[in-house]
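*Asks:* Just model_6.cif, nothing more (mmCIF, C-alpha atoms):
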```cif
data_final
#
loop_
_atom_site.label_atom_id
_atom_site.label_comp_id
_atom_site.auth_asym_id
_atom_site.auth_seq_id
_atom_site.Cartn_x
_atom_site.Cartn_y
_atom_site.Cartn_z
CA MET Q 1 0.00 0.00 0.00
CA LYS Q 2 1.42 3.38 -1.04
CA LYS Q 3 1.42 6.39 1.25
CA TYR Q 4 1.88 10.09 0.54
CA ARG Q 5 3.32 12.46 3.12
CA LEU Q 6 2.37 16.11 2.71
CA THR Q 7 4.19 18.97 4.42
CA ASP Q 8 3.78 21.99 2.16
CA GLN Q 9 1.89 24.71 4.06
CA ARG Q 10 -0.61 25.53 1.31
CA THR Q 11 -1.38 21.86 0.65
CA VAL Q 12 -1.81 21.04 4.33
CA LEU Q 13 -4.04 24.07 4.89
CA GLY Q 14 -6.19 23.17 1.89
CA ILE Q 15 -6.76 19.61 3.07
CA VAL Q 16 -7.40 20.58 6.71
CA SER Q 17 -9.91 23.22 5.59
CA LYS Q 18 -11.88 20.51 3.77
CA LEU Q 19 -11.98 18.37 6.92
CA THR Q 20 -13.71 20.91 9.18
CA THR Q 21 -17.08 19.17 8.66
CA THR Q 22 -15.63 15.70 9.28
CA VAL Q 23 -15.28 13.78 12.54
CA LEU Q 24 -11.74 12.49 13.13
CA GLN Q 25 -10.56 9.95 15.69
CA ASP Q 26 -7.50 9.98 17.93
CA LYS Q 27 -5.36 7.10 16.71
CA ASP Q 28 -4.40 6.10 20.28
CA THR Q 29 -7.36 6.87 22.56
CA LYS Q 30 -10.12 6.59 19.89
CA GLN Q 31 -11.62 9.86 21.17
CA LYS Q 32 -13.51 11.77 18.47
CA PHE Q 33 -12.70 15.36 17.44
CA THR Q 34 -13.75 17.99 14.96
CA LEU Q 35 -11.52 20.74 13.60
CA GLN Q 36 -12.02 24.49 13.67
CA ASN Q 37 -10.16 27.63 12.63
CA PRO Q 38 -7.44 26.23 10.35
CA VAL Q 39 -4.91 28.97 9.75
CA ALA Q 40 -1.54 29.34 8.02
CA VAL Q 41 1.00 30.86 10.40
CA ASN Q 42 3.82 32.98 9.06
CA ASP Q 43 6.45 31.57 11.41
CA ILE Q 44 9.90 30.21 10.62
CA LEU Q 45 8.41 26.77 9.95
CA LYS Q 46 5.44 27.95 7.84
CA SER Q 47 3.06 26.11 10.19
CA VAL Q 48 -0.63 25.27 9.96
CA HIS Q 49 -2.60 25.52 13.22
CA ILE Q 50 -6.02 24.10 14.08
CA THR Q 51 -8.33 24.09 17.09
CA ILE Q 52 -9.53 20.62 18.06
CA VAL Q 53 -13.02 20.31 19.56
CA THR Q 54 -14.59 17.40 21.43
CA THR Q 55 -17.82 16.97 23.39
CA GLU Q 56 -15.94 15.34 26.30
CA PRO Q 57 -12.84 16.37 28.28
CA ILE Q 58 -9.65 15.70 26.33
CA VAL Q 59 -8.18 12.39 27.56
CA SER Q 60 -4.72 13.29 26.27
CA LYS Q 61 -3.37 15.60 23.62
CA PRO Q 62 -3.73 13.68 20.35
CA LYS Q 63 -0.60 13.02 18.31
CA SER Q 64 -2.52 11.73 15.32
CA LEU Q 65 -6.11 12.16 14.07
CA VAL Q 66 -7.54 9.79 11.46
CA CYS Q 67 -10.54 9.61 9.16
CA VAL Q 68 -11.56 7.68 6.03
CA LEU Q 69 -12.97 9.69 3.13
CA LYS Q 70 -14.17 8.16 -0.10
CA GLU Q 71 -11.03 6.56 -1.51
CA ASN Q 72 -8.41 7.65 1.05
CA ARG Q 73 -7.44 7.17 4.66
CA VAL Q 74 -6.24 10.56 5.95
CA GLU Q 75 -4.03 10.98 9.01
CA LEU Q 76 -3.15 14.35 10.53
CA ARG Q 77 0.03 14.30 12.58
CA LEU Q 78 -0.01 16.88 15.34
CA LYS Q 79 2.18 18.74 17.82
CA PRO Q 80 1.02 21.14 20.56
CA ALA Q 81 1.22 24.68 19.22
CA ASN Q 82 1.10 26.17 22.72
CA PRO Q 83 1.86 24.27 25.95
CA TYR Q 84 -0.77 26.35 27.77
CA GLN Q 85 -3.59 25.68 25.31
CA ASP Q 86 -4.58 22.02 24.97
CA ASP Q 87 -6.89 22.52 22.01
CA LEU Q 88 -4.46 24.47 19.79
CA GLN Q 89 -2.45 22.08 17.63
CA GLN Q 90 0.05 22.32 14.79
CA VAL Q 91 -0.46 20.01 11.81
CA TYR Q 92 3.11 19.26 10.79
CA GLU Q 93 2.34 16.47 8.33
CA ILE Q 94 -0.58 14.79 6.59
CA LEU Q 95 -0.35 11.13 5.63
CA ILE Q 96 -2.69 9.99 2.86
CA GLU Q 97 -3.07 6.29 2.17
CA PRO Q 98 -5.21 5.37 -0.85
CA LEU Q 99 -7.58 2.50 -0.26
CA GLU Q 100 -7.03 -0.69 -2.22
CA ARG Q 101 -9.15 0.30 -5.19
CA SER Q 102 -7.14 3.46 -5.80
CA ALA Q 103 -3.68 2.38 -4.66
CA LYS Q 104 -2.20 2.52 -8.16
CA ARG Q 105 -3.25 6.07 -8.96
CA ALA Q 106 0.34 7.26 -8.51
CA ASN Q 107 2.97 4.97 -9.93
CA ILE Q 108 5.34 4.94 -6.99
CA GLU Q 109 5.81 1.24 -7.72
CA ASP Q 110 7.65 2.26 -10.88
CA ILE Q 111 10.37 4.12 -8.97
CA SER Q 112 13.51 2.34 -7.87
CA ALA Q 113 16.61 3.26 -5.91
CA TYR Q 114 19.98 1.95 -7.03
CA GLU Q 115 23.31 1.23 -5.34
CA PHE Q 116 21.94 1.52 -1.82
CA LYS Q 117 24.94 1.81 0.53
CA MET Q 118 25.45 2.29 4.26
CA ALA Q 119 28.47 3.29 6.34
CA GLN Q 120 29.86 2.91 9.82
CA THR Q 121 30.05 6.18 11.74
CA ALA Q 122 32.76 7.31 14.04
CA ASP Q 123 31.93 8.18 17.65
CA LEU Q 124 31.64 11.94 17.22
CA GLY Q 125 32.04 12.67 20.91
CA THR Q 126 35.32 10.75 21.00
CA VAL Q 127 36.59 12.26 17.75
CA ILE Q 128 35.89 15.80 18.90
CA SER Q 129 37.23 15.35 22.43
CA ILE Q 130 40.47 13.78 21.17
CA TYR Q 131 41.15 15.84 18.06
CA GLY Q 132 39.24 19.05 18.82
CA LYS Q 133 38.19 21.23 15.92
CA THR Q 134 39.81 19.63 12.89
CA SER Q 135 39.88 21.41 9.52
CA ILE Q 136 36.83 19.38 8.46
CA ILE Q 137 34.87 20.37 11.57
CA ASN Q 138 35.92 24.03 11.30
CA GLN Q 139 34.71 24.17 7.70
CA ILE Q 140 31.34 22.70 8.67
CA LEU Q 141 31.06 25.10 11.64
CA ASN Q 142 31.75 28.15 9.47
CA GLU Q 143 29.22 27.09 6.84
CA TRP Q 144 26.53 26.44 9.43
CA GLN Q 145 27.10 29.68 11.33
CA VAL Q 146 26.59 31.64 8.11
CA HIS Q 147 23.58 29.52 7.14
CA LEU Q 148 21.80 29.98 10.48
CA GLU Q 149 22.52 33.72 10.57
CA GLN Q 150 21.02 34.16 7.10
CA VAL Q 151 17.89 32.12 7.80
CA LEU Q 152 17.14 33.74 11.16
CA THR Q 153 17.80 37.23 9.80
CA ASN Q 154 15.41 36.56 6.91
CA TYR Q 155 12.70 35.64 9.44
CA GLY Q 156 12.88 38.81 11.48
CA TYR Q 157 15.60 38.07 14.05
CA PHE Q 158 18.35 40.62 14.68
CA ILE Q 159 21.49 38.51 15.01
CA LYS Q 160 24.84 39.82 16.18
CA LYS Q 161 26.55 36.47 15.75
CA ILE Q 162 26.01 32.73 16.02
CA GLN Q 163 28.54 30.46 17.64
CA ILE Q 164 28.56 26.67 17.41
CA GLY Q 165 30.58 24.92 20.06
CA PHE Q 166 31.19 21.57 21.75
CA TYR Q 167 30.75 20.83 25.42
CA TYR Q 168 34.09 19.04 25.77
CA ALA Q 169 35.78 22.46 25.76
CA VAL Q 170 33.48 24.47 28.04
CA ASP Q 171 35.14 26.44 30.82
CA THR Q 172 32.46 28.67 32.33
CA GLN Q 173 29.98 28.00 35.12
CA LEU Q 174 27.04 28.55 32.81
CA MET Q 175 28.24 26.15 30.10
CA GLU Q 176 29.23 23.53 32.66
CA ALA Q 177 25.76 23.78 34.20
CA LEU Q 178 24.12 23.50 30.78
CA ALA Q 179 26.24 20.45 29.95
CA THR Q 180 25.03 18.82 33.18
CA SER Q 181 21.36 19.76 32.75
CA LYS Q 182 21.28 19.16 28.94
CA ALA Q 183 18.67 21.92 28.80
CA PRO Q 184 18.33 24.96 26.53
CA TYR Q 185 18.96 28.43 27.97
CA TYR Q 186 17.40 31.75 27.02
CA LEU Q 187 18.34 35.16 28.36
CA ARG Q 188 15.66 37.45 26.95
CA ASP Q 189 17.01 40.79 28.17
CA ALA Q 190 20.40 41.21 29.85
CA ASN Q 191 19.67 44.80 30.85
CA ARG Q 192 16.41 43.95 32.65
CA ARG Q 193 17.69 40.53 33.85
CA VAL Q 194 14.79 38.69 32.22
CA PHE Q 195 15.29 34.93 31.70
CA TYR Q 196 12.94 32.39 30.15
CA THR Q 197 12.51 29.31 32.35
CA ASP Q 198 9.40 27.51 31.02
CA ARG Q 199 9.44 24.38 28.82
CA GLY Q 200 12.39 22.93 30.72
CA PHE Q 201 14.74 25.84 30.01
CA PHE Q 202 17.68 26.20 32.39
CA SER Q 203 17.03 28.51 35.33
CA PRO Q 204 19.90 30.84 36.34
CA LYS Q 205 18.80 30.46 39.97
CA LYS Q 206 20.99 27.38 39.99
CA LEU Q 207 24.07 29.62 39.68
CA SER Q 208 25.48 32.07 42.19
CA GLU Q 209 24.13 35.62 42.15
CA MET Q 210 27.66 37.00 41.94
CA TYR Q 211 28.42 34.94 38.83
CA ILE Q 212 25.15 35.95 37.13
CA ARG Q 213 25.81 39.62 37.82
CA SER Q 214 29.35 39.36 36.39
CA TYR Q 215 28.07 37.40 33.39
CA LEU Q 216 25.36 39.96 32.57
CA ASP Q 217 27.81 42.87 32.96
CA SER Q 218 30.16 41.16 30.51
CA LEU Q 219 27.38 40.76 27.94
CA LEU Q 220 26.30 44.38 28.27
CA LEU Q 221 29.90 45.61 27.86
CA ASN Q 222 29.96 43.69 24.56
CA ASN Q 223 26.58 45.17 23.56
CA ALA Q 224 24.79 41.81 23.79
CA LYS Q 225 21.24 41.98 25.14
CA SER Q 226 19.85 38.49 24.54
CA THR Q 227 21.23 34.96 24.12
CA LEU Q 228 19.67 31.63 23.22
CA ILE Q 229 21.75 28.47 23.72
CA PHE Q 230 20.26 25.33 22.19
CA PRO Q 231 21.76 21.85 22.86
CA ILE Q 232 22.86 19.52 20.07
CA PHE Q 233 22.66 15.75 20.53
CA SER Q 234 24.23 12.96 18.49
CA ASN Q 235 22.02 10.17 17.12
CA GLY Q 236 22.65 8.17 20.29
CA LYS Q 237 21.09 11.04 22.30
CA VAL Q 238 24.53 11.92 23.64
CA LEU Q 239 25.04 15.63 24.32
CA LEU Q 240 27.50 16.93 21.75
CA GLY Q 241 27.44 20.72 21.49
CA TYR Q 242 25.28 23.79 21.17
CA PHE Q 243 24.04 26.61 18.96
CA GLU Q 244 24.57 29.98 20.67
CA ILE Q 245 22.53 32.81 19.15
CA ILE Q 246 23.50 36.31 20.30
CA SER Q 247 21.65 39.55 19.57
CA ASN Q 248 22.28 43.24 20.25
CA LEU Q 249 18.58 43.61 21.07
CA PRO Q 250 16.27 41.99 23.65
CA ASP Q 251 14.39 38.84 22.56
CA LEU Q 252 16.81 38.28 19.67
CA GLY Q 253 15.44 41.43 18.05
CA ASN Q 254 12.18 39.68 17.19
CA PRO Q 255 9.04 41.68 18.11
CA ILE Q 256 6.86 38.56 18.29
CA LEU Q 257 9.12 36.90 20.85
CA GLN Q 258 8.98 40.11 22.86
CA SER Q 259 5.19 40.56 22.73
CA ASN Q 260 3.91 36.96 22.68
CA ILE Q 261 6.62 34.40 23.36
CA GLU Q 262 4.08 31.56 23.72
CA GLY Q 263 2.04 32.63 20.70
CA PRO Q 264 1.82 30.78 17.38
CA GLU Q 265 4.94 32.49 16.01
CA GLY Q 266 6.84 32.55 19.30
CA ILE Q 267 9.40 30.30 20.94
CA GLY Q 268 7.76 26.99 19.89
CA PRO Q 269 8.41 27.24 16.14
CA LEU Q 270 11.92 28.59 16.80
CA LEU Q 271 12.75 25.57 18.99
CA ALA Q 272 11.35 23.17 16.40
CA PHE Q 273 13.40 24.89 13.69
CA LEU Q 274 16.62 24.68 15.74
CA ASP Q 275 15.94 21.03 16.54
CA GLN Q 276 15.57 20.34 12.83
CA LYS Q 277 18.77 22.23 12.02
CA ALA Q 278 20.69 20.50 14.82
CA GLU Q 279 19.75 17.17 13.28
CA GLU Q 280 21.05 18.27 9.88
CA PHE Q 281 24.24 19.66 11.43
CA VAL Q 282 24.99 16.38 13.23
CA PHE Q 283 24.42 14.50 9.96
CA GLN Q 284 27.01 16.69 8.24
CA LEU Q 285 29.55 15.86 10.95
CA GLU Q 286 28.77 12.15 10.88
CA PHE Q 287 28.84 12.05 7.09
CA ALA Q 288 32.26 13.72 7.09
CA TYR Q 289 33.65 10.92 9.27
CA ALA Q 290 31.66 8.03 7.77
CA LYS Q 291 33.83 5.08 6.74
CA ASP Q 292 33.64 1.52 5.43
CA TRP Q 293 30.79 2.10 2.97
CA GLU Q 294 29.08 -1.19 2.12
CA THR Q 295 26.60 -1.97 -0.65
CA VAL Q 296 23.38 -3.26 0.96
CA ILE Q 297 21.43 -3.90 -2.25
CA ARG Q 298 21.89 -3.01 -5.92
CA THR Q 299 18.29 -2.03 -6.60
CA THR Q 300 15.11 -1.77 -4.51
CA PRO Q 301 11.64 -0.24 -5.01
CA VAL Q 302 10.65 3.05 -3.41
CA ARG Q 303 7.55 2.48 -1.27
CA ASP Q 304 6.56 6.06 -0.40
CA ILE Q 305 7.93 9.56 -0.60
CA SER Q 306 7.17 12.80 1.22
CA GLN Q 307 6.05 15.91 -0.59
CA ASP Q 308 9.31 17.75 0.05
CA GLY Q 309 11.29 14.72 -1.10
CA ARG Q 310 13.26 14.49 2.14
CA GLY Q 311 11.50 11.43 3.52
CA ILE Q 312 11.57 8.17 1.58
CA GLY Q 313 10.36 4.67 2.37
CA MET Q 314 11.83 1.55 0.75
CA THR Q 315 11.12 -2.16 0.92
CA LEU Q 316 14.08 -4.53 1.13
CA PRO Q 317 13.73 -8.26 0.44
CA ALA Q 318 13.96 -10.90 3.16
CA GLY Q 319 17.51 -11.72 4.15
CA THR Q 320 18.86 -8.19 3.64
CA ASN Q 321 21.44 -7.59 6.33
CA ILE Q 322 20.20 -4.30 7.73
CA GLU Q 323 18.29 -5.02 10.94
CA SER Q 324 21.46 -4.81 13.04
CA ARG Q 325 22.27 -1.33 11.75
CA PRO Q 326 21.77 1.46 14.32
CA LEU Q 327 19.22 4.15 13.53
CA GLY Q 328 20.98 7.27 12.29
CA SER Q 329 23.51 5.35 10.21
CA PRO Q 330 24.63 7.29 7.10
CA LEU Q 331 23.44 5.97 3.75
CA SER Q 332 23.46 6.79 0.06
CA PHE Q 333 21.50 5.69 -2.99
CA GLN Q 334 20.86 6.74 -6.57
CA MET Q 335 17.63 7.72 -8.27
CA VAL Q 336 17.05 8.56 -11.91
CA ILE Q 337 15.22 11.86 -12.45
CA ASN Q 338 14.67 13.25 -15.95
CA SER Q 339 16.88 10.44 -17.30
CA SER Q 340 19.86 11.59 -15.17
CA PRO Q 341 21.29 9.76 -12.14
CA TYR Q 342 21.44 11.61 -8.80
CA THR Q 343 23.10 10.33 -5.63
CA PHE Q 344 21.32 11.23 -2.41
CA TYR Q 345 22.75 11.07 1.12
CA GLY Q 346 20.84 10.70 4.35
CA SER Q 347 20.35 8.60 7.46
CA LEU Q 348 18.35 5.57 8.53
CA ARG Q 349 15.20 6.58 10.42
CA SER Q 350 13.18 3.42 10.95
CA ILE Q 351 13.22 -0.36 10.41
CA LYS Q 352 10.01 -2.42 10.46
CA LYS Q 353 8.96 -5.89 9.41
CA GLY Q 354 7.04 -5.99 6.15
CA GLU Q 355 5.03 -8.65 4.37
CA SER Q 356 6.62 -12.05 3.61
CA ASP Q 357 9.61 -11.28 5.85
CA SER Q 358 10.50 -8.20 3.83
CA ILE Q 359 11.91 -5.15 5.63
CA ASN Q 360 10.42 -1.66 5.40
CA ILE Q 361 12.85 1.16 6.09
CA GLY Q 362 12.41 4.91 6.39
CA LEU Q 363 15.13 7.32 5.32
CA GLN Q 364 15.74 11.03 5.93
CA ILE Q 365 17.50 12.73 3.00
CA PHE Q 366 19.81 15.68 3.68
CA GLN Q 367 21.85 16.33 0.53
CA CYS Q 368 22.62 15.38 -3.05
CA ASP Q 369 25.78 15.13 -5.13
CA LYS Q 370 24.40 17.80 -7.51
CA PRO Q 371 23.19 21.23 -6.32
CA GLU Q 372 19.83 20.96 -8.07
CA GLY Q 373 19.15 17.41 -6.85
CA MET Q 374 17.12 18.24 -3.73
CA SER Q 375 14.81 20.68 -5.53
CA TYR Q 376 14.35 18.18 -8.37
CA LEU Q 377 13.41 15.46 -5.91
CA SER Q 378 10.94 17.78 -4.19
CA SER Q 379 9.31 18.76 -7.51
CA TYR Q 380 9.30 15.13 -8.63
CA ALA Q 381 7.61 14.06 -5.39
CA SER Q 382 5.03 16.88 -5.51
CA ASN Q 383 4.06 16.04 -9.08
CA LEU Q 384 3.84 12.34 -8.29
CA ILE Q 385 1.77 12.85 -5.16
CA GLY Q 386 -0.39 15.40 -6.91
CA ALA Q 387 -1.78 12.75 -9.21
CA ALA Q 388 -3.11 10.84 -6.19
CA VAL Q 389 -4.02 13.59 -3.76
CA TYR Q 390 -5.33 16.57 -5.68
CA ASP Q 391 -8.00 14.65 -7.53
CA PRO Q 392 -11.23 16.22 -6.15
CA ARG Q 393 -12.83 12.76 -5.93
CA THR Q 394 -10.42 11.66 -3.22
CA ILE Q 395 -10.64 14.44 -0.57
#
```
Spell out the structure here as structure tokens.

*Replies:*
Amino acid sequence: MKKYRLTDQRTVLGIVSKLTTTVLQDKDTKQKFTLQNPVAVNDILKSVHITIVTTEPIVSKPKSLVCVLKENRVELRLKPANPYQDDLQQVYEILIEPLERSAKRANIEDISAYEFKMAQTADLGTVISIYGKTSIINQILNEWQVHLEQVLTNYGYFIKKIQIGFYYAVDTQLMEALATSKAPYYLRDANRRVFYTDRGFFSPKKLSEMYIRSYLDSLLLNNAKSTLIFPIFSNGKVLLGYFEIISNLPDLGNPILQSNIEGPEGIGPLLAFLDQKAEEFVFQLEFAYAKDWETVIRTTPVRDISQDGRGIGMTLPAGTNIESRPLGSPLSFQMVINSSPYTFYGSLRSIKKGESDSINIGLQIFQCDKPEGMSYLSSYASNLIGAAVYDPRTI
């Protein structure tokens, strides 16, 4: 059975808007909900928010709402949009699964991946602690600092600088405390001594008052008013490093963070964005040190593909030696688009048993050997999915 994963804001909003007269069911608790007030939010993630409504008290915040319409099973995957508002949810993905009679509407079964390879990864924590910032790591750090500065600036943040560091080298009370707590840290306004301590953020009350005063004075002398430090974890959930975002203005120079930090465009989307970028950053480091590439299979069918092209499912035949591979392992494969071969690189996300002892795997794609490859894959996926999803008979 083929599945289509939709993430584009306009597409998600359009589908959710059509479901406001439909009853959906929580996949876990079976509680029934209806949807109200779908809205596209102009945050850094281009989110879609909905209000969920039920006639009974909410048993638990739903992570997935499901309904069956005509020829498709539709699943909305949700995240809380605001920790203080149970009924406000973000739809971050829609999964559409055609029913049996329409499963062949999009010919995903005609797509294959070639030369599927996987690699062993070095222990990043050990590599970094022993060798420090090698030339490879420094190059990646410089590229990512520039990248993050550009993206955040484009979305209304006033950034003085971004630093990316590793906890093996920390030498201040604050960084040592953050390494121990593994929590993010947000100083909203150094001049007014305003810290953010909700959502598990580190509280400066754990440090001495004298140190905090000295630390704030140092920031103000360097014309820094706000700082956000976000932890980076390796695939084994081992604390590795941090993104440090520094601004000359309070609240990173963003008026929405200043006026409504828990609103739909506030700290939540920023944290989700940084989490996403931290994952990509760790992949770049792991890919740089990947070794012993091994061919897993020469050719295998693509089972499903996300609308942005960055999520791909494949089915491997029984006996394929992959089940012992750790999640997060680097991988590569080729696909032919417009009669040209492209090599894509990513990591292993999931391994599940399929039919007849086959193995279903999920992959996250991060980069391509050709600059245009990722955009081509996204366009290819959108066009392919469009044939199945945008037919007015199906939604």

*Asks:* Assuming the chain letters and numbering stay as they are in my file, what does the PyMOL selection byres ((chain Q and resi 243) around 10) actually select? List them as an MDAnalysis selection string.

*Replies:* chainID Q and resid 144:145 148 162:166 184 228:232 241:242 244:246 274 277:278

*Asks:* Which protein, DNA or RNA residues are at most 12 Å from (-6.3, 26.6, 6.7) in the file's coordinates when you count all atoms listed in the file, listed as a PyMOL selection string?

*Replies:* chain Q and resi 8-20+35-41+46-51+90-91

*Asks:* Give me the residues near region 63-75 of chain Q as a PyMOL selection string, where near means some atom within 6 Å (using all atoms listed in the file) and where sequence neighbours in that chain fewer than 3 positions away do not count.

*Replies:* chain Q and resi 24-27+78+94-99+394

*Asks:* Per residue of region 198-288 of chain Q within 10 Å of region 107-129 of chain Q, record the nearest atom pair and its distance in Å to one decimal, counting all atoms listed in the file, with rows in chain order and ascending residue number, as a tab-separated table.

*Replies:*
```
residue	atom	partner	partner_atom	distance
Q:Phe233	CA	Q:Gly125	CA	9.9
Q:Ser234	CA	Q:Leu124	CA	7.6
Q:Asn235	CA	Q:Leu124	CA	9.8
Q:Gly236	CA	Q:Asp123	CA	9.6
Q:Val238	CA	Q:Gly125	CA	8.0
Q:Leu239	CA	Q:Gly125	CA	8.3
Q:Leu240	CA	Q:Gly125	CA	6.3
Q:Gly241	CA	Q:Gly125	CA	9.3
Q:Val282	CA	Q:Leu124	CA	8.9
Q:Leu285	CA	Q:Leu124	CA	7.7
Q:Glu286	CA	Q:Thr121	CA	6.2
Q:Phe287	CA	Q:Thr121	CA	7.6
Q:Ala288	CA	Q:Thr121	CA	9.1
```

*Asks:* Counting only C-alpha atoms, which residue out of Q:Pro62, Q:Gly319, Q:Gly373, Q:Pro326 sits closest to Phe344 (chain Q)?

*Replies:* Q:Gly373

*Asks:* Tell me, in Å to one decimal, how far CA of Leu152 (chain Q) is from CA of Asp43 (chain Q).

*Replies:*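 According to the coordinates, CA of Leu152 (chain Q) and CA of Asp43 (chain Q) are separated by 10.9 Å.
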
*Asks:* Taking the file as shown, find all residues satisfying the PyMOL selection byres ((chain Q and resi 156) around 9) and write them as a VMD selection string.

*Replies:* chain Q and resid 152 to 155 157 to 158 253 to 255

*Asks:* Would you output that residue set with C-alpha atoms, as a compact mmCIF listing (two decimals), in the frame of the given file?

*Replies:*
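Below is the file out.txt, written as the result:
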```
# COMPACT_ATOMS: atom_id res chain seq x y z
CA LEU Q 152 17.14 33.74 11.16
CA THR Q 153 17.80 37.23 9.80
CA ASN Q 154 15.41 36.56 6.91
CA TYR Q 155 12.70 35.64 9.44
CA TYR Q 157 15.60 38.07 14.05
CA PHE Q 158 18.35 40.62 14.68
CA GLY Q 253 15.44 41.43 18.05
CA ASN Q 254 12.18 39.68 17.19
CA PRO Q 255 9.04 41.68 18.11
```

*Asks:* Please evaluate the PyMOL selection byres ((chain Q and resi 324) around 12) against the structure above and give the resulting residues as a list of chain:residue names.

*Replies:* Q:Met118, Q:Gln120, Q:Gly319, Q:Thr320, Q:Asn321, Q:Ile322, Q:Glu323, Q:Arg325, Q:Pro326, Q:Leu327, Q:Ser329, Q:Leu348, Q:Ser350, Q:Ile351, Q:Lys352

*Asks:* I'd like the interatomic distance between CA of Leu76 (chain Q) and CA of Gly311 (chain Q), to a tenth of an Å.

*Replies:*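 Calculated distance between CA of Leu76 (chain Q) and CA of Gly311 (chain Q) is 16.5 Å.
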
*Asks:* Looking at all atoms listed in the file, which of Q:Gln307, Q:Ser181, Q:Arg199, Q:Leu187 is the one that sits closest to Gly268 (chain Q)?

*Replies:* Q:Arg199

*Asks:* Provide region 177-182 of chain Q rebuilt to all heavy atoms, formatted as a PDB file, in the frame of the given file.

*Replies:*
```pdb
ATOM      1  N   ALA Q 177      27.100  24.076  33.675  1.00  0.00           N
ATOM      2  CA  ALA Q 177      25.760  23.780  34.200  1.00  0.00           C
ATOM      3  C   ALA Q 177      24.839  23.300  33.081  1.00  0.00           C
ATOM      4  O   ALA Q 177      24.042  22.369  33.274  1.00  0.00           O
ATOM      5  CB  ALA Q 177      25.182  25.008  34.882  1.00  0.00           C
ATOM      6  N   LEU Q 178      24.948  23.904  31.909  1.00  0.00           N
ATOM      7  CA  LEU Q 178      24.120  23.500  30.780  1.00  0.00           C
ATOM      8  C   LEU Q 178      24.501  22.101  30.296  1.00  0.00           C
ATOM      9  O   LEU Q 178      23.637  21.313  29.899  1.00  0.00           O
ATOM     10  CB  LEU Q 178      24.248  24.499  29.630  1.00  0.00           C
ATOM     11  CG  LEU Q 178      23.661  25.884  29.873  1.00  0.00           C
ATOM     12  CD1 LEU Q 178      23.887  26.786  28.675  1.00  0.00           C
ATOM     13  CD2 LEU Q 178      22.182  25.802  30.193  1.00  0.00           C
ATOM     14  N   ALA Q 179      25.789  21.791  30.338  1.00  0.00           N
ATOM     15  CA  ALA Q 179      26.240  20.450  29.950  1.00  0.00           C
ATOM     16  C   ALA Q 179      25.677  19.400  30.899  1.00  0.00           C
ATOM     17  O   ALA Q 179      25.329  18.291  30.485  1.00  0.00           O
ATOM     18  CB  ALA Q 179      27.764  20.395  29.932  1.00  0.00           C
ATOM     19  N   THR Q 180      25.575  19.740  32.180  1.00  0.00           N
ATOM     20  CA  THR Q 180      25.030  18.820  33.180  1.00  0.00           C
ATOM     21  C   THR Q 180      23.515  18.666  33.027  1.00  0.00           C
ATOM     22  O   THR Q 180      22.969  17.562  33.075  1.00  0.00           O
ATOM     23  CB  THR Q 180      25.358  19.302  34.597  1.00  0.00           C
ATOM     24  OG1 THR Q 180      26.781  19.387  34.737  1.00  0.00           O
ATOM     25  CG2 THR Q 180      24.809  18.345  35.633  1.00  0.00           C
ATOM     26  N   SER Q 181      22.825  19.781  32.818  1.00  0.00           N
ATOM     27  CA  SER Q 181      21.360  19.760  32.750  1.00  0.00           C
ATOM     28  C   SER Q 181      20.843  19.308  31.384  1.00  0.00           C
ATOM     29  O   SER Q 181      19.708  18.843  31.259  1.00  0.00           O
ATOM     30  CB  SER Q 181      20.805  21.153  33.045  1.00  0.00           C
ATOM     31  OG  SER Q 181      21.152  22.058  32.016  1.00  0.00           O
ATOM     32  N   LYS Q 182      21.664  19.498  30.325  1.00  0.00           N
ATOM     33  CA  LYS Q 182      21.280  19.160  28.940  1.00  0.00           C
ATOM     34  C   LYS Q 182      20.034  19.929  28.506  1.00  0.00           C
ATOM     35  O   LYS Q 182      19.243  19.470  27.680  1.00  0.00           O
ATOM     36  CB  LYS Q 182      21.049  17.657  28.789  1.00  0.00           C
ATOM     37  CG  LYS Q 182      22.264  16.814  29.108  1.00  0.00           C
ATOM     38  CD  LYS Q 182      21.994  15.337  28.887  1.00  0.00           C
ATOM     39  CE  LYS Q 182      23.228  14.513  29.216  1.00  0.00           C
ATOM     40  NZ  LYS Q 182      23.015  13.068  29.010  1.00  0.00           N
TER      41      LYS Q 182
END
```
